[in-house]
$ cat input38.txt   # compact mmCIF, C-alpha atoms
# COMPACT_ATOMS: atom_id res chain seq x y z
CA MET Q 228 -9.75 -22.38 -4.14
CA PHE Q 229 -6.99 -23.60 -6.40
CA ASP Q 230 -7.22 -22.14 -9.89
CA PHE Q 231 -4.27 -22.85 -12.18
CA LEU Q 232 -4.67 -19.70 -14.30
CA THR Q 233 -4.81 -17.50 -11.19
CA TYR Q 234 -1.59 -18.88 -9.77
CA PHE Q 235 0.09 -18.84 -13.18
CA VAL Q 236 -0.77 -15.17 -13.77
CA TYR Q 237 0.25 -13.91 -10.34
CA LEU Q 238 3.42 -15.95 -9.99
CA SER Q 239 4.52 -15.23 -13.57
CA LEU Q 240 3.83 -11.54 -13.06
CA LEU Q 241 5.86 -11.44 -9.85
CA ALA Q 242 8.75 -13.32 -11.46
CA VAL Q 243 8.81 -11.03 -14.51
CA LEU Q 244 8.70 -7.89 -12.38
CA LEU Q 245 11.56 -9.09 -10.21
CA MET Q 246 13.67 -9.95 -13.25
CA LEU Q 247 13.03 -6.67 -15.02
CA THR Q 248 13.62 -4.46 -11.99
CA ASN Q 249 16.74 -6.40 -11.03
CA TYR Q 250 18.24 -6.08 -14.50
CA ARG Q 251 21.53 -4.16 -14.67
CA GLN Q 252 21.54 -3.60 -10.91
CA LYS Q 253 25.35 -3.50 -11.01
CA TYR Q 254 25.05 0.00 -12.48
CA SER Q 255 22.99 1.34 -9.60
CA THR Q 256 24.27 2.80 -6.36
CA ASN Q 257 23.85 0.76 -3.20
CA GLU Q 258 23.46 3.79 -0.96
CA LEU Q 259 20.18 4.96 0.51
CA ASP Q 260 20.55 8.48 -0.83
CA PHE Q 261 17.23 10.31 -0.94
CA ASP Q 262 18.77 13.53 -2.20
CA ILE Q 263 18.93 12.06 -5.71
CA GLY Q 264 15.67 11.34 -7.49
CA GLN Q 265 15.25 7.75 -8.64
CA LYS Q 266 15.48 7.49 -12.43
CA LEU Q 267 13.49 4.70 -14.05
CA ARG Q 268 15.06 2.79 -16.91
CA THR Q 269 13.45 1.19 -19.96
CA GLU Q 270 13.15 -2.11 -18.08
CA HIS Q 271 11.16 -0.37 -15.36
CA PHE Q 272 8.66 1.01 -17.85
CA ILE Q 273 8.29 -2.40 -19.48
CA ALA Q 274 7.55 -3.80 -16.02
CA LEU Q 275 4.98 -1.04 -15.45
CA LEU Q 276 3.27 -1.80 -18.77
CA ILE Q 277 3.04 -5.53 -18.03
CA LEU Q 278 1.71 -4.85 -14.54
CA SER Q 279 -0.84 -2.37 -15.91
CA ILE Q 280 -2.09 -4.86 -18.50
CA VAL Q 281 -2.60 -7.64 -15.93
CA ILE Q 282 -4.36 -5.37 -13.43
CA GLY Q 283 -6.13 -3.20 -15.98
CA PHE Q 284 -7.59 -6.01 -18.06
CA ARG Q 285 -8.85 -8.13 -15.19
CA TYR Q 286 -12.45 -9.29 -14.93
CA GLU Q 287 -14.38 -9.37 -11.63
CA VAL Q 288 -11.19 -9.24 -9.57
CA GLY Q 289 -11.32 -7.03 -6.49
CA VAL Q 290 -14.24 -6.36 -4.17
CA ASP Q 291 -14.89 -2.88 -5.61
CA TRP Q 292 -14.18 -3.83 -9.24
CA GLU Q 293 -17.86 -3.82 -10.18
CA GLY Q 294 -18.46 -0.42 -8.58
CA TYR Q 295 -15.59 1.22 -10.48
CA LYS Q 296 -16.72 -0.41 -13.71
CA GLN Q 297 -20.30 0.80 -13.28
CA THR Q 298 -19.19 4.34 -12.42
CA PHE Q 299 -17.04 4.50 -15.55
CA GLU Q 300 -19.83 3.17 -17.76
CA LEU Q 301 -22.26 5.68 -16.27
CA ILE Q 302 -19.86 8.52 -17.09
CA LYS Q 303 -19.25 7.17 -20.58
CA ALA Q 304 -22.95 6.67 -21.35
CA ASN Q 305 -23.87 10.14 -20.07
CA PRO Q 306 -21.55 12.88 -21.36
CA GLN Q 307 -23.59 15.40 -19.38
CA VAL Q 308 -22.51 13.83 -16.06
CA GLN Q 309 -20.42 16.40 -14.21
CA PHE Q 310 -18.11 16.14 -11.22
CA ASN Q 311 -20.83 17.22 -8.78
CA ASP Q 312 -23.09 14.40 -10.00
CA GLN Q 313 -20.90 11.68 -8.51
CA TYR Q 314 -18.92 10.96 -5.33
CA MET Q 315 -15.34 10.39 -6.50
CA GLU Q 316 -12.57 12.95 -6.27
CA ILE Q 317 -11.98 15.34 -9.13
CA GLY Q 318 -8.74 13.76 -10.34
CA PHE Q 319 -10.20 10.29 -10.56
CA PHE Q 320 -13.35 11.66 -12.17
CA PHE Q 321 -11.41 13.37 -14.95
CA ILE Q 322 -9.35 10.25 -15.61
CA ASN Q 323 -12.65 8.48 -16.17
CA ARG Q 324 -14.07 11.35 -18.22
CA ILE Q 325 -11.03 11.64 -20.52
CA ILE Q 326 -10.84 7.92 -21.21
CA ALA Q 327 -14.59 7.76 -21.78
CA ASP Q 328 -14.46 10.73 -24.18
CA LEU Q 329 -11.70 8.95 -26.11
CA GLY Q 330 -14.14 6.11 -26.70
CA LEU Q 331 -12.07 3.62 -24.69
CA SER Q 332 -13.41 0.94 -22.36
CA TYR Q 333 -13.29 0.65 -18.58
CA GLN Q 334 -10.25 -1.64 -18.91
CA TRP Q 335 -8.21 1.34 -20.11
CA MET Q 336 -9.32 3.33 -17.09
CA PHE Q 337 -7.95 0.59 -14.83
CA PHE Q 338 -4.82 0.42 -17.00
CA VAL Q 339 -4.08 4.15 -16.68
CA VAL Q 340 -4.78 4.25 -12.93
CA THR Q 341 -2.57 1.20 -12.39
CA PHE Q 342 0.29 2.73 -14.37
CA ILE Q 343 0.08 5.97 -12.38
CA THR Q 344 -0.13 4.13 -9.07
CA TRP Q 345 2.78 1.78 -9.54
CA TYR Q 346 4.90 4.48 -11.16
CA PHE Q 347 4.97 6.24 -7.80
CA TYR Q 348 5.75 2.99 -5.96
CA PHE Q 349 8.63 2.41 -8.39
CA LYS Q 350 9.94 5.90 -7.57
CA SER Q 351 9.51 5.65 -3.81
CA LEU Q 352 12.74 3.81 -2.92
CA PRO Q 353 16.23 3.64 -4.47
CA ASP Q 354 16.18 1.33 -7.49
CA PHE Q 355 18.40 -1.34 -5.93
CA LEU Q 356 15.65 -1.89 -3.35
CA LEU Q 357 12.82 -1.99 -5.89
CA PRO Q 358 12.79 -5.81 -6.43
CA LEU Q 359 12.48 -6.34 -2.68
CA LEU Q 360 9.81 -3.65 -2.36
CA LEU Q 361 7.76 -5.28 -5.13
CA PHE Q 362 8.19 -8.70 -3.55
CA PHE Q 363 6.82 -7.51 -0.22
CA LEU Q 364 4.00 -5.49 -1.79
CA PHE Q 365 2.92 -8.77 -3.38
CA VAL Q 366 3.41 -11.21 -0.52
CA ASP Q 367 2.02 -8.77 2.07
CA GLU Q 368 -1.22 -8.75 0.02
CA TYR Q 369 -1.09 -5.07 -0.88
CA PHE Q 370 -0.99 -6.10 -4.52
CA PHE Q 371 -4.37 -7.75 -3.96
CA TRP Q 372 -5.68 -4.90 -1.81
CA GLY Q 373 -4.74 -2.44 -4.55
CA MET Q 374 -7.22 -4.12 -6.91
CA ASN Q 375 -9.90 -3.44 -4.32
CA GLY Q 376 -9.15 -0.02 -2.74
CA VAL Q 377 -8.14 1.42 -6.12
CA ARG Q 378 -8.24 5.15 -5.38
CA GLN Q 379 -6.71 4.96 -1.92
CA PHE Q 380 -3.95 2.66 -3.17
CA THR Q 381 -3.02 5.35 -5.69
CA ALA Q 382 -2.97 8.00 -2.95
CA MET Q 383 -0.82 5.68 -0.83
CA SER Q 384 1.77 5.38 -3.60
CA ILE Q 385 2.09 9.17 -3.89
CA TRP Q 386 2.27 9.47 -0.09
CA MET Q 387 5.10 6.92 0.01
CA LEU Q 388 7.08 8.99 -2.48
CA ALA Q 389 6.24 12.19 -0.58
CA THR Q 390 7.91 10.86 2.57
CA GLN Q 391 11.26 11.25 0.81
CA TYR Q 392 10.73 14.99 1.08
CA ILE Q 393 10.38 14.70 4.85
CA ILE Q 394 13.87 13.21 4.81
CA THR Q 395 15.25 15.92 2.50
CA LYS Q 396 13.36 18.69 4.34
CA ASN Q 397 11.42 19.95 1.33
CA VAL Q 398 8.02 20.92 2.67
CA LYS Q 399 6.82 22.44 -0.62
CA LYS Q 400 7.28 19.23 -2.60
CA TYR Q 401 5.80 17.20 0.24
CA ILE Q 402 2.61 19.25 0.38
CA LEU Q 403 2.36 19.45 -3.41
CA LEU Q 404 2.50 15.67 -3.67
CA LEU Q 405 -0.15 15.23 -0.99
CA LEU Q 406 -2.36 17.77 -2.74
CA LEU Q 407 -1.87 15.76 -5.94
CA ALA Q 408 -2.79 12.56 -4.08
CA SER Q 409 -5.90 14.25 -2.66
CA LEU Q 410 -7.23 14.63 -6.20
CA ILE Q 411 -7.55 10.84 -6.18
CA HIS Q 412 -8.44 10.24 -2.51
CA ARG Q 413 -8.84 13.21 -0.20
CA SER Q 414 -8.23 11.16 2.97
CA VAL Q 415 -4.51 11.63 2.32
CA LEU Q 416 -4.78 15.23 3.52
CA ILE Q 417 -4.78 14.05 7.13
CA LEU Q 418 -1.10 13.20 6.58
CA ILE Q 419 0.07 16.79 6.03
CA PRO Q 420 0.99 17.29 9.74
CA PHE Q 421 3.27 14.24 9.62
CA TYR Q 422 5.92 16.36 7.93
CA PHE Q 423 6.49 18.21 11.20
CA ILE Q 424 6.98 15.19 13.47
CA PRO Q 425 10.50 14.94 15.01
CA TYR Q 426 11.05 11.32 13.95
CA ASP Q 427 14.61 11.04 15.27
CA LYS Q 428 13.49 12.11 18.73
CA LEU Q 429 10.59 9.67 18.69
CA TYR Q 430 12.74 6.64 18.05
CA ASN Q 431 13.29 4.43 21.06
CA ARG Q 432 13.09 0.70 20.52
CA TYR Q 433 12.13 -0.08 24.12
CA PHE Q 434 9.37 2.54 24.18
CA TRP Q 435 7.79 1.22 20.97
CA THR Q 436 8.10 -2.40 22.12
CA GLY Q 437 6.29 -1.60 25.35
CA LEU Q 438 3.62 0.41 23.57
CA PHE Q 439 3.13 -2.40 21.05
CA ILE Q 440 2.58 -5.01 23.77
CA PHE Q 441 0.26 -2.70 25.73
CA SER Q 442 -1.83 -1.92 22.62
CA LEU Q 443 -2.06 -5.62 21.81
CA ILE Q 444 -3.48 -6.33 25.27
CA ILE Q 445 -6.13 -3.61 25.35
CA GLY Q 446 -7.01 -3.72 21.65
CA SER Q 447 -9.28 -6.75 22.05
CA SER Q 448 -11.36 -5.13 24.82
CA ASN Q 449 -15.02 -4.59 23.90
CA GLN Q 450 -15.14 -1.51 26.10
CA PHE Q 451 -12.17 -0.04 24.29
CA ILE Q 452 -13.85 -0.75 20.92
CA ASP Q 453 -16.92 1.14 22.12
CA TYR Q 454 -14.71 4.12 23.00
CA ILE Q 455 -13.11 4.01 19.57
CA GLU Q 456 -16.53 3.90 17.93
CA SER Q 457 -17.67 6.98 19.83
CA ILE Q 458 -14.48 8.89 19.09
CA THR Q 459 -14.64 7.96 15.41
CA ILE Q 460 -18.23 9.15 15.05
CA TYR Q 461 -17.37 12.38 16.89
CA LEU Q 462 -14.39 13.04 14.62
CA GLY Q 463 -16.59 12.29 11.62
CA GLN Q 464 -18.82 15.15 12.65
CA LYS Q 465 -15.86 17.53 12.97
CA ILE Q 466 -13.54 16.44 10.14
CA GLU Q 467 -14.97 16.23 6.64
CA VAL Q 468 -12.58 13.53 5.39
CA ILE Q 469 -13.53 11.14 8.20
CA GLY Q 470 -17.20 12.07 7.86
CA ILE Q 471 -17.16 11.05 4.21
CA TYR Q 472 -15.94 7.59 5.21
CA ILE Q 473 -18.60 7.20 7.88
CA ARG Q 474 -21.41 8.20 5.52
CA HIS Q 475 -20.34 5.47 3.08
CA ILE Q 476 -19.89 2.72 5.68
CA ASP Q 477 -22.87 1.30 7.55
CA ARG Q 478 -22.58 0.73 11.29
CA ASN Q 479 -21.70 -2.97 11.12
CA ARG Q 480 -18.87 -2.35 8.68
CA LEU Q 481 -17.71 0.61 10.75
CA ILE Q 482 -17.12 -1.67 13.71
CA ILE Q 483 -16.24 -5.01 12.15
CA ALA Q 484 -13.70 -5.04 9.36
CA GLU Q 485 -15.05 -7.70 7.05
CA GLU Q 486 -11.66 -8.35 5.49
CA THR Q 487 -9.99 -9.07 8.85
CA HIS Q 488 -9.86 -12.69 9.95
CA VAL Q 489 -7.89 -13.69 13.04
CA GLY Q 490 -5.91 -16.69 11.81
CA LEU Q 491 -2.35 -17.75 11.08
CA GLY Q 492 -1.86 -14.92 8.57
CA PHE Q 493 -3.09 -12.37 11.09
CA LEU Q 494 -0.82 -13.82 13.78
CA PHE Q 495 2.17 -13.89 11.41
CA LYS Q 496 1.80 -10.22 10.49
CA THR Q 497 1.38 -9.24 14.13
CA ILE Q 498 4.64 -11.03 14.91
CA VAL Q 499 6.30 -9.34 11.91
CA ASN Q 500 5.18 -5.93 13.21
CA LEU Q 501 6.81 -6.66 16.58
CA PHE Q 502 9.85 -8.11 14.81
CA THR Q 503 10.41 -4.87 12.87
CA ILE Q 504 10.54 -2.97 16.16
CA LEU Q 505 13.05 -5.39 17.66
CA ILE Q 506 15.43 -5.30 14.67
CA SER Q 507 15.05 -1.59 13.94
CA ASP Q 508 18.14 -0.64 15.93
CA HIS Q 509 20.44 -2.63 13.66
CA VAL Q 510 19.03 -1.15 10.45
CA ILE Q 511 18.72 2.45 11.62
CA LYS Q 512 22.33 2.50 12.80
CA LYS Q 513 23.39 1.59 9.26
CA TYR Q 514 20.79 3.76 7.48
CA PRO Q 515 19.74 6.61 9.82
CA LYS Q 516 17.51 8.23 7.19
CA THR Q 517 15.17 5.23 7.29
CA THR Q 518 14.00 6.17 10.79
CA ILE Q 519 10.89 7.79 9.34
CA TYR Q 520 9.82 4.55 7.66
CA PHE Q 521 10.15 2.60 10.88
CA ILE Q 522 8.28 5.19 12.95
CA LEU Q 523 5.41 5.33 10.46
CA LEU Q 524 5.17 1.54 10.51
CA PHE Q 525 5.29 1.52 14.32
CA ILE Q 526 2.36 3.95 14.36
CA GLY Q 527 0.48 1.70 11.98
CA SER Q 528 1.27 -1.38 14.06
CA ILE Q 529 -0.06 0.25 17.24
CA LEU Q 530 -3.21 1.43 15.48
CA PHE Q 531 -3.67 -2.03 14.03
CA ASN Q 532 -3.50 -3.64 17.46
CA LEU Q 533 -6.03 -1.14 18.78
CA SER Q 534 -8.46 -1.21 15.86
CA TYR Q 535 -7.95 -4.26 13.62
CA ASN Q 536 -11.68 -4.98 13.83
CA ILE Q 537 -12.79 -1.43 12.99
CA ALA Q 538 -13.10 -1.05 9.23
CA LEU Q 539 -12.91 2.73 9.06
CA ILE Q 540 -9.68 3.04 11.05
CA GLY Q 541 -8.28 0.04 9.19
CA ARG Q 542 -8.72 1.89 5.91
CA VAL Q 543 -6.94 5.00 7.14
CA ASN Q 544 -4.25 2.90 8.81
CA ASN Q 545 -3.22 1.48 5.44
CA TYR Q 546 -1.31 4.73 4.92
CA PHE Q 547 1.01 3.58 7.72
CA LEU Q 548 1.00 -0.19 7.28
CA ILE Q 549 2.06 0.15 3.63
CA PHE Q 550 5.49 1.05 5.03
CA ARG Q 551 5.87 -2.53 6.22
CA SER Q 552 6.81 -3.40 2.65
CA ALA Q 553 9.43 -0.63 2.57
CA VAL Q 554 10.82 -1.49 6.01
CA LEU Q 555 11.05 -5.19 5.17
CA ALA Q 556 12.74 -4.43 1.86
CA ILE Q 557 15.37 -2.29 3.61
CA SER Q 558 15.80 -4.79 6.46
CA VAL Q 559 16.16 -7.84 4.22
CA TYR Q 560 18.71 -5.97 2.11
CA HIS Q 561 20.65 -5.04 5.24
CA PHE Q 562 20.69 -8.48 6.86
CA TRP Q 563 21.39 -10.29 3.58
CA HIS Q 564 24.77 -8.57 3.50
CA ILE Q 565 25.63 -10.09 6.89
CA PRO Q 566 26.51 -13.73 6.03
CA ARG Q 567 25.38 -15.24 9.33
CA TYR Q 568 21.83 -13.98 8.77
CA ARG Q 569 21.34 -15.21 5.21
CA ILE Q 570 19.64 -18.50 6.10
CA ALA Q 571 17.25 -16.61 8.39
CA VAL Q 572 16.50 -14.13 5.60
CA ILE Q 573 15.73 -16.95 3.16
CA GLY Q 574 13.49 -18.62 5.73
CA PHE Q 575 11.65 -15.39 6.48
CA CYS Q 576 11.03 -14.59 2.81
CA SER Q 577 9.93 -18.18 2.18
CA LEU Q 578 7.37 -17.97 4.98
CA TYR Q 579 6.02 -14.73 3.55
CA PHE Q 580 5.83 -16.27 0.08
CA LEU Q 581 3.91 -19.25 1.51
CA LEU Q 582 1.50 -16.78 3.11
CA PHE Q 583 1.02 -15.21 -0.34
CA LEU Q 584 0.14 -18.60 -1.82
CA VAL Q 585 -2.38 -19.22 0.96
CA ALA Q 586 -3.87 -15.73 0.57
CA THR Q 587 -4.30 -16.39 -3.14
CA PHE Q 588 -6.01 -19.72 -2.39
CA ASN Q 589 -8.34 -17.96 0.08
CA SER Q 590 -9.10 -15.24 -2.51
CA SER Q 591 -7.77 -12.30 -0.53
CA ASN Q 592 -9.68 -9.18 -1.61
CA MET Q 593 -11.47 -11.31 -4.24
CA CYS Q 594 -8.25 -11.96 -6.15
CA ASN Q 595 -9.21 -15.51 -7.07
CA PRO Q 596 -10.19 -16.57 -9.70
CA TYR Q 597 -8.27 -14.24 -11.97
CA ARG Q 598 -9.78 -13.79 -15.43
CA PHE Q 599 -8.78 -11.58 -18.37
CA SER Q 600 -11.61 -9.28 -19.41
CA PHE Q 601 -11.10 -9.90 -23.12
CA THR Q 602 -12.21 -13.53 -22.63
CA TYR Q 603 -15.70 -12.34 -21.63
$ encode --input "input38.txt" --output "structure tokens"
Amino acid sequence: MFDFLTYFVYLSLLAVLLMLTNYRQKYSTNELDFDIGQKLRTEHFIALLILSIVIGFRYEVGVDWEGYKQTFELIKANPQVQFNDQYMEIGFFFINRIIADLGLSYQWMFFVVTFITWYFYFKSLPDFLLPLLLFFLFVDEYFFWGMNGVRQFTAMSIWMLATQYIITKNVKKYILLLLLASLIHRSVLILIPFYFIPYDKLYNRYFWTGLFIFSLIIGSSNQFIDYIESITIYLGQKIEVIGIYIRHIDRNRLIIAEETHVGLGFLFKTIVNLFTILISDHVIKKYPKTTIYFILLFIGSILFNLSYNIALIGRVNNYFLIFRSAVLAISVYHFWHIPRYRIAVIGFCSLYFLLFLVATFNSSNMCNPYRFSFTY
């Protein structure tokens, strides 16, 4: 539905974030150097505060908003509630416990979690790419999804930063960051082995193109879906992290991802996934260190084709598909600096922005209507 306040809040927020993160860009380096940690400026922290206020002080926005609110209020009303008395990870539990013990409301819990989450996204790419990263996190609906899958979205932000340490070959920092992320959502632990993948050797545009098309063909097969269901249940019995998911998702939601609707948006993103494979050669030649981002997205794209209607795998696959925002940010930056591609870049970004407007209208992840909690 069309709600003026909703569109005003989201579009104003996006515009303000882009202006603040683009401020004084002439002082930043334009090299993709992951050996130097990204330093946030005052403008970045102002952007984080504004973002945290809008997301933190929302009311009934996000499918799981009510569940997080009730959990916080249960913890606040019962000081005797301990970690073992609830289902959330220890880090998230203590965020709730500390804020509750300070006498603050659930809005401040959302505020703090939002600040932590987006801080890591802000740190995950060089600052000259940050405006583009934010743009694609919004228009690709991960901004909306983050107000639904709150804990996993936080873990995803830390994981995105951790991938820098795959590039710089620092296994200690990589594992430490994933252990930190696991305090919020333990599913992130399945990503530890991804440090040891030989990404450069895995890159072959023709191989990934063929695999993408093959996965797209067989992914809609009912027989294949049955195989995936059986494998998923088996792994749930062997791997605790997957088992936790299965125990919290009933059979219908395990097989059919309620949030997935095959329409123009679905088709557009499928085409974008294939498009990133086809253009990857151009970008990787210029920025070889970005190979890891492309490979992770390719993995996510293949898994998406094979399991877009399986909720459990779709949740885990978000750890890979989140890199679509990073890959698109890097690619748009690259092609924008080639004059003959600028019109195509503008057209592509405009199409994505239109998709964002439609997703808002359709209340993606219950984003619409947006309401401030202090008005209720």
$ residues_near_point --input "input38.txt" --point "(-2.8, -17.5, -15.4)" --cutoff "12 Å" --atoms "all atoms listed in the file" --output "list of chain:residue names"
Q:Phe229, Q:Asp230, Q:Phe231, Q:Leu232, Q:Thr233, Q:Tyr234, Q:Phe235, Q:Val236, Q:Tyr237, Q:Leu238, Q:Ser239, Q:Leu240, Q:Leu241, Q:Val281, Q:Arg285, Q:Asn595, Q:Pro596, Q:Tyr597, Q:Arg598, Q:Phe599
$ atom_distance --input "input38.txt" --atom1 "atom CA of Q:Phe583" --atom2 "atom CA of Q:Gly492"
9.4 Å
$ closest_residue --input "input38.txt" --among "Q:Tyr422, Q:Tyr333, Q:Phe370, Q:Tyr348" --to "Q:Thr587" --atoms "all atoms listed in the file"
Q:Phe370
$ closest_residue --input "input38.txt" --among "Q:Ser384, Q:Ser528, Q:Gln297, Q:Asn397" --to "Q:Leu352" --atoms "all atoms listed in the file"
Q:Ser384
$ residues_near_point --input "input38.txt" --point "(13.2, 10.3, 6.9)" --cutoff "6 Å" --atoms "only C-alpha atoms" --output "list in words"
Ile393, Ile394, Lys516, Thr517, Thr518 and Ile519 of chain Q
$ atom_distance --input "input38.txt" --atom1 "atom CA of Q:Arg378" --atom2 "atom CA of Q:Ile280"
17.6 Å
$ atom_distance --input "input38.txt" --atom1 "atom CA of Q:Thr395" --atom2 "atom CA of Q:Met383"
19.3 Å
$ closest_residue --input "input38.txt" --among "Q:Phe338, Q:Trp345, Q:Tyr430, Q:Trp563" --to "Q:Phe380" --atoms "only C-alpha atoms"
Q:Trp345
